[in-house]
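Q: Sharing structure-v9.txt here; it has compact mmCIF, C-alpha atoms.
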```
# COMPACT_ATOMS: atom_id res chain seq x y z
CA MET E 1 -48.01 -20.28 8.34
CA ASN E 2 -48.78 -17.52 10.83
CA PHE E 3 -50.38 -14.45 9.26
CA ASP E 4 -51.06 -12.59 12.50
CA PHE E 5 -49.90 -8.99 12.35
CA THR E 6 -46.91 -7.98 14.46
CA GLU E 7 -47.46 -5.28 17.06
CA GLU E 8 -45.75 -2.83 14.72
CA GLN E 9 -48.09 -3.78 11.89
CA LYS E 10 -51.13 -3.43 14.17
CA LEU E 11 -50.05 0.08 15.12
CA PHE E 12 -49.37 0.87 11.47
CA ALA E 13 -52.85 -0.32 10.46
CA GLU E 14 -54.47 1.66 13.28
CA SER E 15 -52.64 4.85 12.33
CA ILE E 16 -53.75 4.52 8.68
CA ARG E 17 -57.37 3.87 9.69
CA LYS E 18 -57.35 7.02 11.87
CA PHE E 19 -55.79 9.03 9.03
CA ALA E 20 -58.41 7.78 6.58
CA GLN E 21 -61.26 8.53 8.98
CA ALA E 22 -59.97 12.06 9.55
CA HIS E 23 -59.09 13.01 5.97
CA LEU E 24 -60.81 10.67 3.49
CA ALA E 25 -64.20 9.65 4.87
CA LYS E 26 -66.04 12.92 4.23
CA ASP E 27 -65.80 12.97 0.42
CA ALA E 28 -65.54 9.23 -0.24
CA LEU E 29 -68.66 9.09 -2.42
CA LYS E 30 -67.81 12.23 -4.38
CA ARG E 31 -64.28 11.03 -4.92
CA ALA E 32 -65.45 7.68 -6.28
CA HIS E 33 -67.43 9.35 -9.06
CA ASP E 34 -64.68 11.77 -10.09
CA PRO E 35 -62.80 10.18 -13.01
CA HIS E 36 -59.65 12.25 -12.48
CA PHE E 37 -56.65 11.14 -10.47
CA PRO E 38 -57.04 12.48 -6.89
CA PHE E 39 -53.87 14.54 -6.62
CA ASP E 40 -55.07 16.07 -3.35
CA VAL E 41 -55.24 12.61 -1.79
CA ALA E 42 -51.82 11.68 -3.19
CA LYS E 43 -50.27 14.73 -1.55
CA LEU E 44 -51.95 13.90 1.76
CA MET E 45 -50.67 10.34 1.54
CA HIS E 46 -47.18 11.56 0.80
CA GLN E 47 -47.30 13.60 3.99
CA GLN E 48 -48.56 10.51 5.85
CA GLY E 49 -45.74 8.34 4.46
CA LEU E 50 -47.96 6.09 2.36
CA MET E 51 -46.32 6.81 -0.99
CA GLY E 52 -43.29 4.64 -1.68
CA ILE E 53 -43.81 2.29 1.26
CA THR E 54 -42.17 -0.54 -0.69
CA LEU E 55 -39.44 1.51 -2.38
CA PRO E 56 -35.86 1.75 -1.03
CA GLU E 57 -35.03 4.70 1.20
CA LYS E 58 -32.31 5.78 -1.23
CA ASP E 59 -35.07 6.36 -3.81
CA GLY E 60 -37.24 8.39 -1.44
CA GLY E 61 -39.28 5.44 -0.19
CA LEU E 62 -39.69 3.92 3.25
CA GLY E 63 -37.99 0.57 2.63
CA GLY E 64 -41.07 -1.29 3.87
CA THR E 65 -42.55 -4.60 2.78
CA LEU E 66 -45.24 -5.56 0.30
CA MET E 67 -47.29 -6.69 3.28
CA ASP E 68 -47.09 -3.15 4.67
CA ALA E 69 -48.50 -1.81 1.40
CA VAL E 70 -51.27 -4.44 1.45
CA ILE E 71 -52.20 -3.33 4.97
CA ALA E 72 -52.32 0.28 3.78
CA ILE E 73 -54.63 -0.61 0.89
CA GLU E 74 -56.96 -2.56 3.19
CA GLN E 75 -57.21 0.19 5.77
CA VAL E 76 -57.71 3.04 3.29
CA ALA E 77 -60.25 1.09 1.21
CA ALA E 78 -62.31 0.35 4.32
CA ILE E 79 -63.00 4.09 4.58
CA CYS E 80 -62.61 5.44 1.03
CA PRO E 81 -62.33 2.81 -1.73
CA ARG E 82 -61.27 5.28 -4.40
CA SER E 83 -58.31 6.49 -2.33
CA ALA E 84 -56.93 2.95 -2.26
CA ASP E 85 -56.01 3.55 -5.92
CA VAL E 86 -53.49 6.11 -4.73
CA VAL E 87 -51.84 3.60 -2.39
CA GLN E 88 -51.68 1.19 -5.33
CA PHE E 89 -50.17 3.86 -7.56
CA GLY E 90 -47.58 4.87 -4.97
CA ASN E 91 -46.34 1.36 -4.26
CA PHE E 92 -47.08 -1.04 -7.13
CA GLY E 93 -47.26 -0.99 -10.90
CA PRO E 94 -45.21 1.32 -13.11
CA ILE E 95 -43.79 3.42 -10.27
CA ARG E 96 -42.12 0.33 -8.81
CA THR E 97 -40.76 -0.76 -12.20
CA PHE E 98 -39.57 2.81 -12.69
CA ALA E 99 -37.80 2.85 -9.31
CA GLU E 100 -36.22 -0.59 -9.84
CA TYR E 101 -34.89 -0.15 -13.36
CA GLY E 102 -34.74 3.60 -13.85
CA SER E 103 -31.38 5.38 -14.09
CA ASP E 104 -30.23 8.03 -11.65
CA TYR E 105 -31.25 10.54 -14.32
CA HIS E 106 -34.80 9.14 -14.46
CA LYS E 107 -35.20 9.11 -10.70
CA LYS E 108 -33.81 12.59 -10.20
CA LYS E 109 -36.06 14.00 -12.90
CA TRP E 110 -39.37 12.30 -12.07
CA LEU E 111 -39.47 9.99 -9.06
CA GLY E 112 -39.60 12.72 -6.42
CA ASP E 113 -42.64 14.38 -8.00
CA LEU E 114 -44.37 11.02 -8.46
CA LEU E 115 -43.97 10.13 -4.79
CA ALA E 116 -44.99 13.63 -3.70
CA GLY E 117 -48.28 13.34 -5.58
CA ASN E 118 -47.41 16.19 -7.93
CA MET E 119 -47.67 14.05 -11.06
CA VAL E 120 -48.96 10.66 -12.18
CA ILE E 121 -47.47 8.09 -14.55
CA SER E 122 -49.48 5.96 -16.98
CA LEU E 123 -48.53 2.52 -18.26
CA GLY E 124 -48.84 1.84 -21.99
CA ILE E 125 -48.91 -1.90 -22.78
CA SER E 126 -52.15 -2.92 -24.49
CA GLU E 127 -52.60 -2.23 -28.19
CA PRO E 128 -55.55 -2.73 -30.54
CA ASP E 129 -54.11 -6.14 -31.55
CA ALA E 130 -52.09 -6.98 -28.42
CA GLY E 131 -53.88 -7.52 -25.13
CA SER E 132 -53.30 -10.74 -23.21
CA ALA E 133 -50.80 -11.65 -25.94
CA ALA E 134 -48.58 -8.74 -24.94
CA THR E 135 -45.58 -10.00 -26.93
CA GLU E 136 -47.48 -9.21 -30.13
CA LEU E 137 -47.16 -5.48 -29.56
CA LYS E 138 -46.24 -3.45 -32.63
CA THR E 139 -45.27 -0.03 -31.26
CA PHE E 140 -41.73 0.31 -32.59
CA ALA E 141 -38.78 2.34 -31.33
CA LYS E 142 -35.92 3.02 -33.75
CA GLN E 143 -32.75 4.81 -32.75
CA ASP E 144 -31.95 7.97 -34.66
CA GLY E 145 -28.75 9.49 -33.37
CA SER E 146 -29.31 10.84 -29.85
CA HIS E 147 -33.04 10.12 -30.04
CA TYR E 148 -35.47 7.26 -30.53
CA VAL E 149 -38.39 7.53 -32.94
CA LEU E 150 -41.63 5.81 -31.90
CA ASN E 151 -44.50 4.69 -34.11
CA GLY E 152 -47.61 2.86 -32.97
CA SER E 153 -50.50 3.21 -30.53
CA LYS E 154 -51.68 2.11 -27.07
CA VAL E 155 -55.13 1.68 -25.54
CA PHE E 156 -56.69 1.20 -22.08
CA SER E 157 -53.91 3.03 -20.19
CA THR E 158 -54.97 3.85 -16.64
CA PHE E 159 -54.50 7.52 -15.59
CA SER E 160 -53.62 8.48 -19.19
CA PRO E 161 -55.89 11.58 -19.29
CA ASP E 162 -54.01 13.06 -16.29
CA ALA E 163 -50.53 11.59 -16.71
CA ALA E 164 -47.45 13.74 -17.21
CA ILE E 165 -45.24 10.83 -18.24
CA PHE E 166 -45.93 7.44 -19.81
CA LEU E 167 -44.05 4.18 -19.34
CA VAL E 168 -44.49 2.63 -22.78
CA TYR E 169 -43.65 -0.92 -23.83
CA VAL E 170 -41.98 -0.86 -27.25
CA ARG E 171 -40.38 -3.17 -29.75
CA TYR E 172 -36.77 -2.47 -30.76
CA ALA E 173 -36.44 -5.64 -32.85
CA PRO E 174 -38.45 -8.77 -33.77
CA GLY E 175 -39.18 -11.40 -31.14
CA THR E 176 -39.70 -11.28 -27.40
CA SER E 177 -36.02 -10.43 -26.87
CA GLY E 178 -36.55 -7.24 -28.87
CA ILE E 179 -39.07 -5.76 -26.41
CA GLY E 180 -38.27 -3.12 -23.80
CA SER E 181 -39.69 0.17 -22.56
CA VAL E 182 -39.26 3.92 -22.77
CA ILE E 183 -40.52 6.97 -20.92
CA VAL E 184 -42.51 9.44 -23.01
CA GLU E 185 -43.32 12.88 -21.68
CA ARG E 186 -46.67 14.46 -22.41
CA GLY E 187 -46.15 16.99 -25.18
CA ALA E 188 -43.29 15.10 -26.83
CA PRO E 189 -43.12 15.79 -30.60
CA GLY E 190 -45.32 13.34 -32.49
CA PHE E 191 -47.10 12.10 -29.34
CA THR E 192 -50.88 12.56 -29.18
CA VAL E 193 -53.13 11.76 -26.23
CA GLY E 194 -56.65 11.16 -27.51
CA PRO E 195 -59.88 12.40 -25.89
CA PRO E 196 -60.88 10.65 -22.64
CA GLN E 197 -62.98 7.50 -22.91
CA GLU E 198 -64.66 5.75 -20.01
CA PHE E 199 -64.59 2.28 -18.52
CA MET E 200 -67.67 0.79 -16.88
CA SER E 201 -66.06 1.67 -13.55
CA GLY E 202 -66.16 5.39 -14.40
CA GLU E 203 -62.39 5.59 -14.78
CA GLN E 204 -61.12 7.32 -17.88
CA TRP E 205 -58.45 6.35 -20.39
CA SER E 206 -57.15 7.82 -23.63
CA GLU E 207 -55.71 6.33 -26.78
CA LEU E 208 -51.99 7.05 -27.13
CA HIS E 209 -50.68 7.67 -30.64
CA PHE E 210 -47.02 7.83 -31.65
CA ASP E 211 -46.43 9.27 -35.11
CA ASN E 212 -42.67 9.63 -35.56
CA CYS E 213 -42.59 10.60 -31.90
CA ARG E 214 -39.08 11.68 -30.90
CA ILE E 215 -37.74 11.08 -27.40
CA PRO E 216 -34.19 11.52 -26.06
CA ALA E 217 -32.14 8.32 -25.82
CA GLU E 218 -31.89 9.01 -22.08
CA ASN E 219 -35.61 8.18 -21.85
CA VAL E 220 -35.02 4.50 -22.55
CA LEU E 221 -35.92 2.60 -19.38
CA LEU E 222 -35.15 -0.94 -20.55
CA GLY E 223 -33.55 -1.78 -23.86
CA PRO E 224 -33.89 -5.00 -25.87
CA GLY E 225 -34.30 -7.99 -23.57
CA GLY E 226 -36.10 -5.99 -20.91
CA PHE E 227 -39.46 -7.69 -21.39
CA GLN E 228 -38.82 -10.52 -18.93
CA LYS E 229 -37.76 -8.06 -16.22
CA GLN E 230 -40.93 -6.06 -16.78
CA MET E 231 -43.12 -9.15 -16.68
CA ALA E 232 -41.52 -10.27 -13.42
CA GLY E 233 -42.60 -6.92 -12.01
CA PHE E 234 -46.18 -7.81 -12.89
CA ASN E 235 -46.20 -10.37 -10.08
CA VAL E 236 -45.79 -7.47 -7.67
CA GLU E 237 -48.34 -5.39 -9.60
CA ARG E 238 -50.85 -8.21 -9.20
CA ILE E 239 -50.53 -8.12 -5.43
CA GLY E 240 -51.76 -4.51 -5.47
CA ASN E 241 -54.61 -5.37 -7.83
CA THR E 242 -55.44 -8.38 -5.67
CA ALA E 243 -55.45 -6.40 -2.43
CA ARG E 244 -57.87 -3.82 -3.83
CA SER E 245 -60.25 -6.50 -5.13
CA LEU E 246 -60.40 -8.11 -1.72
CA ALA E 247 -60.67 -4.78 0.10
CA PHE E 248 -63.50 -3.56 -2.12
CA GLY E 249 -65.36 -6.84 -1.65
CA ARG E 250 -64.96 -6.52 2.10
CA TYR E 251 -66.18 -2.92 1.99
CA ALA E 252 -69.35 -4.05 0.21
CA TYR E 253 -69.74 -6.95 2.65
CA GLU E 254 -69.58 -4.60 5.65
CA ARG E 255 -72.13 -2.21 4.20
CA ALA E 256 -74.48 -5.12 3.46
CA ARG E 257 -73.97 -6.52 6.95
CA GLU E 258 -74.83 -3.18 8.51
CA HIS E 259 -77.89 -2.91 6.26
CA ALA E 260 -79.11 -6.40 7.11
CA SER E 261 -78.73 -5.69 10.82
CA VAL E 262 -81.08 -2.69 10.86
CA ARG E 263 -83.31 -2.98 7.79
CA LYS E 264 -86.65 -4.59 8.60
CA GLN E 265 -89.14 -6.33 6.30
CA PHE E 266 -92.20 -8.30 7.38
CA GLY E 267 -91.54 -7.03 10.88
CA ARG E 268 -88.10 -8.63 11.19
CA PRO E 269 -84.48 -7.53 10.56
CA LEU E 270 -83.15 -8.96 7.30
CA CYS E 271 -80.41 -10.83 9.17
CA GLU E 272 -83.05 -13.09 10.75
CA PHE E 273 -83.97 -14.64 7.39
CA GLN E 274 -82.04 -17.87 6.84
CA GLY E 275 -81.64 -17.29 3.12
CA LEU E 276 -79.65 -14.13 3.83
CA GLN E 277 -77.74 -15.75 6.68
CA TRP E 278 -76.43 -18.35 4.25
CA LYS E 279 -75.45 -15.62 1.80
CA PHE E 280 -73.40 -13.90 4.49
CA ALA E 281 -71.81 -17.20 5.52
CA ASP E 282 -70.75 -17.87 1.93
CA MET E 283 -69.46 -14.31 1.55
CA ALA E 284 -67.41 -14.57 4.75
CA ILE E 285 -65.89 -17.89 3.63
CA ARG E 286 -64.90 -16.45 0.23
CA LEU E 287 -63.31 -13.36 1.79
CA GLU E 288 -61.42 -15.26 4.48
CA ALA E 289 -60.05 -17.83 2.05
CA ALA E 290 -59.00 -15.19 -0.49
CA GLN E 291 -57.32 -13.12 2.21
CA LEU E 292 -55.14 -16.04 3.29
CA LEU E 293 -54.02 -16.56 -0.31
CA LEU E 294 -53.23 -12.85 -0.67
CA TYR E 295 -51.23 -12.78 2.55
CA ARG E 296 -49.31 -15.89 1.56
CA ALA E 297 -48.32 -14.31 -1.76
CA ALA E 298 -47.33 -11.01 -0.13
CA VAL E 299 -45.37 -12.55 2.75
CA ASN E 300 -43.49 -14.97 0.51
CA ALA E 301 -42.79 -12.21 -2.02
CA ASP E 302 -41.15 -10.20 0.76
CA ARG E 303 -38.75 -13.13 1.23
CA GLY E 304 -37.62 -13.04 -2.39
CA LEU E 305 -39.01 -12.73 -5.88
CA PRO E 306 -42.81 -13.02 -5.96
CA SER E 307 -44.04 -16.45 -6.99
CA ALA E 308 -45.92 -16.34 -10.27
CA TYR E 309 -48.01 -19.29 -9.08
CA GLU E 310 -48.90 -17.82 -5.68
CA THR E 311 -49.69 -14.37 -7.07
CA SER E 312 -51.81 -15.90 -9.84
CA VAL E 313 -53.77 -18.04 -7.38
CA ALA E 314 -54.26 -15.06 -5.06
CA LYS E 315 -55.36 -12.73 -7.85
CA VAL E 316 -57.93 -15.14 -9.27
CA ALA E 317 -59.27 -15.88 -5.78
CA CYS E 318 -59.49 -12.22 -4.72
CA ASN E 319 -60.78 -10.94 -8.08
CA THR E 320 -63.64 -13.40 -8.12
CA ALA E 321 -64.35 -13.16 -4.38
CA GLY E 322 -64.39 -9.35 -4.47
CA PHE E 323 -66.76 -9.22 -7.42
CA ASP E 324 -69.06 -12.00 -6.22
CA VAL E 325 -69.31 -10.58 -2.71
CA ALA E 326 -70.01 -7.06 -3.98
CA HIS E 327 -72.61 -8.50 -6.37
CA GLU E 328 -74.34 -10.33 -3.49
CA ALA E 329 -74.15 -7.21 -1.32
CA ILE E 330 -76.14 -5.30 -3.93
CA GLN E 331 -78.75 -8.05 -4.03
CA ILE E 332 -79.06 -8.01 -0.23
CA MET E 333 -79.36 -4.22 -0.09
CA GLY E 334 -81.74 -4.04 -3.04
CA ALA E 335 -82.24 -0.59 -4.51
CA ALA E 336 -80.10 0.93 -1.73
CA GLY E 337 -77.11 -1.06 -2.94
CA TYR E 338 -77.86 -0.57 -6.63
CA SER E 339 -78.09 3.20 -6.20
CA LYS E 340 -75.08 5.40 -6.89
CA SER E 341 -75.73 7.05 -3.54
CA SER E 342 -73.99 3.95 -2.16
CA LEU E 343 -70.42 2.85 -2.85
CA VAL E 344 -71.43 -0.80 -3.01
CA GLU E 345 -72.32 -0.69 -6.71
CA TYR E 346 -69.08 1.20 -7.34
CA CYS E 347 -67.10 -1.55 -5.64
CA MET E 348 -68.77 -4.17 -7.82
CA ARG E 349 -67.95 -2.28 -11.01
CA ARG E 350 -64.33 -1.78 -9.99
CA CYS E 351 -63.87 -5.42 -8.99
CA ARG E 352 -65.24 -6.49 -12.37
CA GLY E 353 -62.52 -4.52 -14.11
CA TRP E 354 -59.73 -6.16 -12.11
CA MET E 355 -60.84 -9.55 -13.38
CA ILE E 356 -59.51 -8.27 -16.73
CA ALA E 357 -56.70 -5.87 -15.82
CA GLY E 358 -53.24 -7.06 -14.80
CA GLY E 359 -53.79 -10.49 -16.32
CA SER E 360 -57.31 -11.79 -16.88
CA VAL E 361 -58.53 -14.59 -14.63
CA GLU E 362 -58.60 -16.91 -17.65
CA ILE E 363 -54.98 -16.22 -18.58
CA LEU E 364 -53.92 -16.68 -14.95
CA LYS E 365 -55.76 -20.00 -14.80
CA ASN E 366 -53.64 -21.06 -17.77
CA ARG E 367 -50.51 -20.11 -15.80
CA ILE E 368 -51.79 -22.02 -12.77
CA ALA E 369 -52.44 -25.10 -14.93
CA GLU E 370 -48.85 -24.90 -16.20
CA HIS E 371 -47.68 -25.10 -12.61
CA VAL E 372 -50.00 -28.03 -11.93
CA PHE E 373 -48.68 -30.02 -14.89
CA ASP E 374 -45.13 -28.60 -14.78
CA ARG E 375 -45.15 -27.77 -18.46
CA ARG E 376 -45.73 -24.82 -20.75
CA PHE E 377 -48.99 -24.63 -22.72
CA ASP E 378 -48.57 -22.42 -25.77
CA GLN E 379 -51.87 -20.65 -26.54
CA ARG E 380 -50.85 -19.99 -30.14
CA PRO E 381 -51.81 -22.48 -32.86
CA PRO E 382 -49.01 -24.89 -33.81
CA LYS E 383 -46.87 -23.85 -36.73
CA ILE E 384 -47.41 -25.90 -39.84
CA LYS E 385 -44.22 -27.35 -41.23
CA PRO E 386 -43.68 -26.76 -44.98
CA ASP E 387 -43.85 -30.49 -45.79
CA ALA E 388 -47.11 -30.90 -43.87
CA ALA E 389 -48.79 -28.25 -46.02
CA LYS E 390 -48.36 -30.29 -49.21
```
In C-alpha cells, write the structure found in this file.
A:
Amino acid sequence: MNFDFTEEQKLFAESIRKFAQAHLAKDALKRAHDPHFPFDVAKLMHQQGLMGITLPEKDGGLGGTLMDAVIAIEQVAAICPRSADVVQFGNFGPIRTFAEYGSDYHKKKWLGDLLAGNMVISLGISEPDAGSAATELKTFAKQDGSHYVLNGSKVFSTFSPDAAIFLVYVRYAPGTSGIGSVIVERGAPGFTVGPPQEFMSGEQWSELHFDNCRIPAENVLLGPGGFQKQMAGFNVERIGNTARSLAFGRYAYERAREHASVRKQFGRPLCEFQGLQWKFADMAIRLEAAQLLLYRAAVNADRGLPSAYETSVAKVACNTAGFDVAHEAIQIMGAAGYSKSSLVEYCMRRCRGWMIAGGSVEILKNRIAEHVFDRRFDQRPPKIKPDAAK
C-alpha cells in the first residue's frame, strides 16, 4: 500500500508547519505546563481551518479525511506538542460523536461554538467502578415528563475543569442495550463539578456528580441502544490518540537527535558512541513501523468504517513506541531531558497516559487476540449454573 502524501497533502502539511512556527513555537513550553484548555490556540486553529477538518461541511467542518487530521496533529506536535491536543479535540473524540449523532437542535446550540474554540466539551464515561468494563456504568437517567433525572458520578474526564458541556454516558435500563448518552450543561440543577485534580501529565480533571440532576429531554444524544454506536466512534477516537502518541515520540526523538549531534563528552559528540547509535536505530525502527500502522488504519478508515483490529494494532504500536522512544530520549539527554525546561519529559508523561486512555494497551491486546482466533473472549468470570452450586 502506498502511503506517500499527495501533492495536496504535502502543501497542507507545509502550510500547517508554517502556521505552527509562526504562532505556536514561542510559548510551547509555557503552554505545556498550563493545565487549562488553550482556548487562544483553539481560536487560532479555527481561523486556520484546523477545527472540524473531518466533519461534514453542512456541520461547519471542512469535509476532509481522517488522514488530513492525522497530518495536522503531526505537524502541530512537531512544533508545539500541547497544541496537538486542540487538533485532537476539534476532529476526534466527543465532538465527532456529537456531530454524527446530534440533532439539529444540538448542533445549532453548541457545535458552532465548539468549532470556533469558544467552548470545550468533556466526555464522561469512566466511573469509580466502571473503567475498562464500561458497560458496568451505573449513572442512571430516568425520564420525568419533559426532563430526564440523572444520578451517579464520573471520574477522569478530560477538560472537565474548563468544559461548558459534558457528553455523559448513562444507563436508561439494565443491560448493554439500555446504555446511551446525554448532554449536560455546566450549572444544570443537581450537577456538581468537583475541584480540579491532576494527572501525572499535568492535565486536570474533576469528579462529576449527578444528584437528581435535571436536564431537558432535548439533551438526550443517544437513547437506549446507543452504546454500540458510541463504541464504534471510539475507533476514530483512537486514531487521534494514536497520532499524538507517535507525534510526541517523534518530537522527543528529534530533540535527542539534535542533542546527540552537538553535545560532547570525552572529547567526542555523543552520536559517535556506538551504544547511542544503536539506541537511535532502535528508536527509528519503532517510529517508522508504528507510523505505517497508523497510516494504514487512517487510510482504510477513510474508505469506510474504521477497523477495530487495525485501530487497535495501531494504537498499541504507537502508544508503546511513543512512550519508549520518549523514555530513551530522556536517557540520552540526561539531566537536560529530565528537566522541565525541556518538553521531552513532558512528551514521555503524556505518552504514558495514552497507554491507559481510550482503551488500555492490555484491553486492546485482548481485542487483537479475538481477531487472531476469530472468537470472543469474555473477561468476566463464567456464571455458575444453579445446579452446579449444589
Q: Padding of 6 Å on every side, edges along x, y and z, all listed atoms of range 111-117 of chain E included: what centre and edge lengths in Å, to one decimal, does that box have, as JSON?
A:
```
{"center_x": -43.9, "center_y": 12.2, "center_z": -6.4, "size_x": 20.8, "size_y": 16.4, "size_z": 17.4}
```
Q: Identify which of the residues E:Ala329, E:Ala243, E:Ile125, E:Val236 lies closest to Met348 in chain E, counting all atoms listed in the file when measuring atom-to-atom distances.
A: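 Ranked by minimum distance to Met348 in chain E, first place goes to E:Ala329.
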Q: Neighbouring residues of range 60-67 of chain E were defined as those with any atom within 9 Å, considering all atoms listed in the file; residues of the same chain fewer than 5 positions away were excluded. Please report them as a list in words.
A: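 That gives Gly49, Leu50, Met51, Gly52, Ile53, Thr54, Leu55, Ala72, Asn91, Phe92, Leu111, Gly112, Leu115, Val236, Ile239, Gly240, Tyr295, Ala298, Val299, Ala301 and Asp302 of chain E.
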Q: In Å to one decimal, how far is CA of Val313 in chain E from CA of Arg296 in chain E?
A: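 According to the coordinates, CA of Arg296 in chain E and CA of Val313 in chain E are separated by 10.2 Å.
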Q: Of the candidates E:Cys80, E:Cys318, E:Ala308, E:Met333, which shows the shortest atom-to-atom distance to Arg257 in chain E, using all atoms listed in the file?
A: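 Selected residue with least distance to Arg257 in chain E: E:Met333.
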Q: Show which residues sit within 12 Å of Val325 in chain E, as number ranges by chain. Count all atoms listed in the file, and ignore same-chain residues fewer than 3 positions away.
A: E: 245-257, 279-288, 290, 317-322, 328-332, 344-345, 347-349, 351-352
Q: Could you check which of E:Phe159, E:Trp110, E:Phe266, E:Trp278 is closest to Gly202 in chain E, using all atoms listed in the file?
A: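 Checking each of E:Phe159, E:Trp110, E:Phe266, E:Trp278 against Gly202 in chain E, counting all atoms listed in the file, the winner is E:Phe159.
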Q: Kindly give the distance, in Å, that separates CA of Pro174 in chain E and CA of Phe234 in chain E, rounded to a single decimal.
A: 22.3 Å
Q: Near Asp85 in chain E, within 9 Å and counting only C-alpha atoms, which residues show up once chain neighbours fewer than 3 positions away are dropped, as a list in words?
A: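 So the residues in contact are Phe37, Ile73, Ala77, Pro81, Arg82, Gln88, Phe89, Gly90 and Arg244 of chain E.
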Q: Out of E:Arg263, E:Lys154, E:Arg238, E:Arg268, which residue has the shortest atom-to-atom distance to Val316 in chain E when counting only C-alpha atoms?
A: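 Of E:Arg263, E:Lys154, E:Arg238, E:Arg268, the one nearest Val316 in chain E is E:Arg238, counting only C-alpha atoms.
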Q: I want to know what sits within 9 Å of Glu14 in chain E, based on all atoms listed in the file, with residues of the same chain fewer than 5 positions away left out; could you give that as an MDAnalysis selection string?
A: chainID E and resid 9 19 75
Q: State, in Å with one decimal place, the distance from CA of Glu127 in chain E to CA of Asn241 in chain E.
A: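 Atom-to-atom, CA of Glu127 in chain E to CA of Asn241 in chain E, that is 20.7 Å.
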Q: Which polymer residues, whether protein, DNA or RNA, lie within 12 Å of the coordinate (-51.5, -25.1, -23.4) when you count only C-alpha atoms? List them as a count of residues only, using the chain letters and numbers from the file.
A: 19
Q: Within 10 Å of Asn118 in chain E, counting all atoms listed in the file, which residues show up once you throw out same-chain ones fewer than 3 positions away? Write them as a ChimeraX atom specification, please.
A: /E:39-40,42-43,46,110,112-115,164
Q: Determine, counting all atoms listed in the file, every residue of protein, DNA or RNA that lies within 10 Å of (-47.7, -4.2, -29.8) in the file coordinates, then give the result as a list of chain:residue names.
A: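 Checked against the point, the hits come out as E:Gly124, E:Ile125, E:Ser126, E:Glu127, E:Pro128, E:Asp129, E:Ala130, E:Gly131, E:Ala133, E:Ala134, E:Thr135, E:Glu136, E:Leu137, E:Lys138, E:Thr139, E:Phe140, E:Gly152, E:Ser153, E:Lys154, E:Tyr169, E:Val170, E:Arg171, E:Ile179.
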Q: May I ask which of the residues E:Arg96, E:Lys315, E:Lys18, E:Lys26 is the closest one to Gln230 in chain E, counting all atoms listed in the file?
A: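 Ranked by minimum distance to Gln230 in chain E, first place goes to E:Arg96.
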Q: Rebuild N, CA and C atoms on range 283-296 of chain E, as a compact mmCIF listing (two decimals), in the coordinates of the input?
A:
```
# COMPACT_ATOMS: atom_id res chain seq x y z
N MET E 283 -70.29 -15.49 1.80
CA MET E 283 -69.46 -14.31 1.55
C MET E 283 -68.26 -14.28 2.49
N ALA E 284 -68.49 -14.57 3.77
CA ALA E 284 -67.41 -14.57 4.75
C ALA E 284 -66.36 -15.63 4.41
N ILE E 285 -66.81 -16.81 4.00
CA ILE E 285 -65.89 -17.89 3.63
C ILE E 285 -65.02 -17.46 2.46
N ARG E 286 -65.65 -16.88 1.43
CA ARG E 286 -64.90 -16.45 0.23
C ARG E 286 -63.86 -15.40 0.60
N LEU E 287 -64.24 -14.43 1.42
CA LEU E 287 -63.31 -13.36 1.79
C LEU E 287 -62.16 -13.88 2.63
N GLU E 288 -62.46 -14.73 3.61
CA GLU E 288 -61.42 -15.26 4.48
C GLU E 288 -60.42 -16.11 3.70
N ALA E 289 -60.93 -16.97 2.84
CA ALA E 289 -60.05 -17.83 2.05
C ALA E 289 -59.16 -17.01 1.12
N ALA E 290 -59.76 -16.03 0.44
CA ALA E 290 -59.00 -15.19 -0.49
C ALA E 290 -57.95 -14.38 0.26
N GLN E 291 -58.27 -13.92 1.44
CA GLN E 291 -57.32 -13.12 2.21
C GLN E 291 -56.09 -13.95 2.59
N LEU E 292 -56.28 -15.19 2.97
CA LEU E 292 -55.14 -16.04 3.29
C LEU E 292 -54.23 -16.24 2.08
N LEU E 293 -54.82 -16.40 0.90
CA LEU E 293 -54.02 -16.56 -0.31
C LEU E 293 -53.26 -15.28 -0.64
N LEU E 294 -53.91 -14.13 -0.45
CA LEU E 294 -53.23 -12.85 -0.67
C LEU E 294 -52.06 -12.69 0.30
N TYR E 295 -52.29 -12.94 1.56
CA TYR E 295 -51.23 -12.78 2.55
C TYR E 295 -50.08 -13.73 2.29
N ARG E 296 -50.38 -14.96 1.89
CA ARG E 296 -49.31 -15.89 1.56
C ARG E 296 -48.43 -15.35 0.43
```
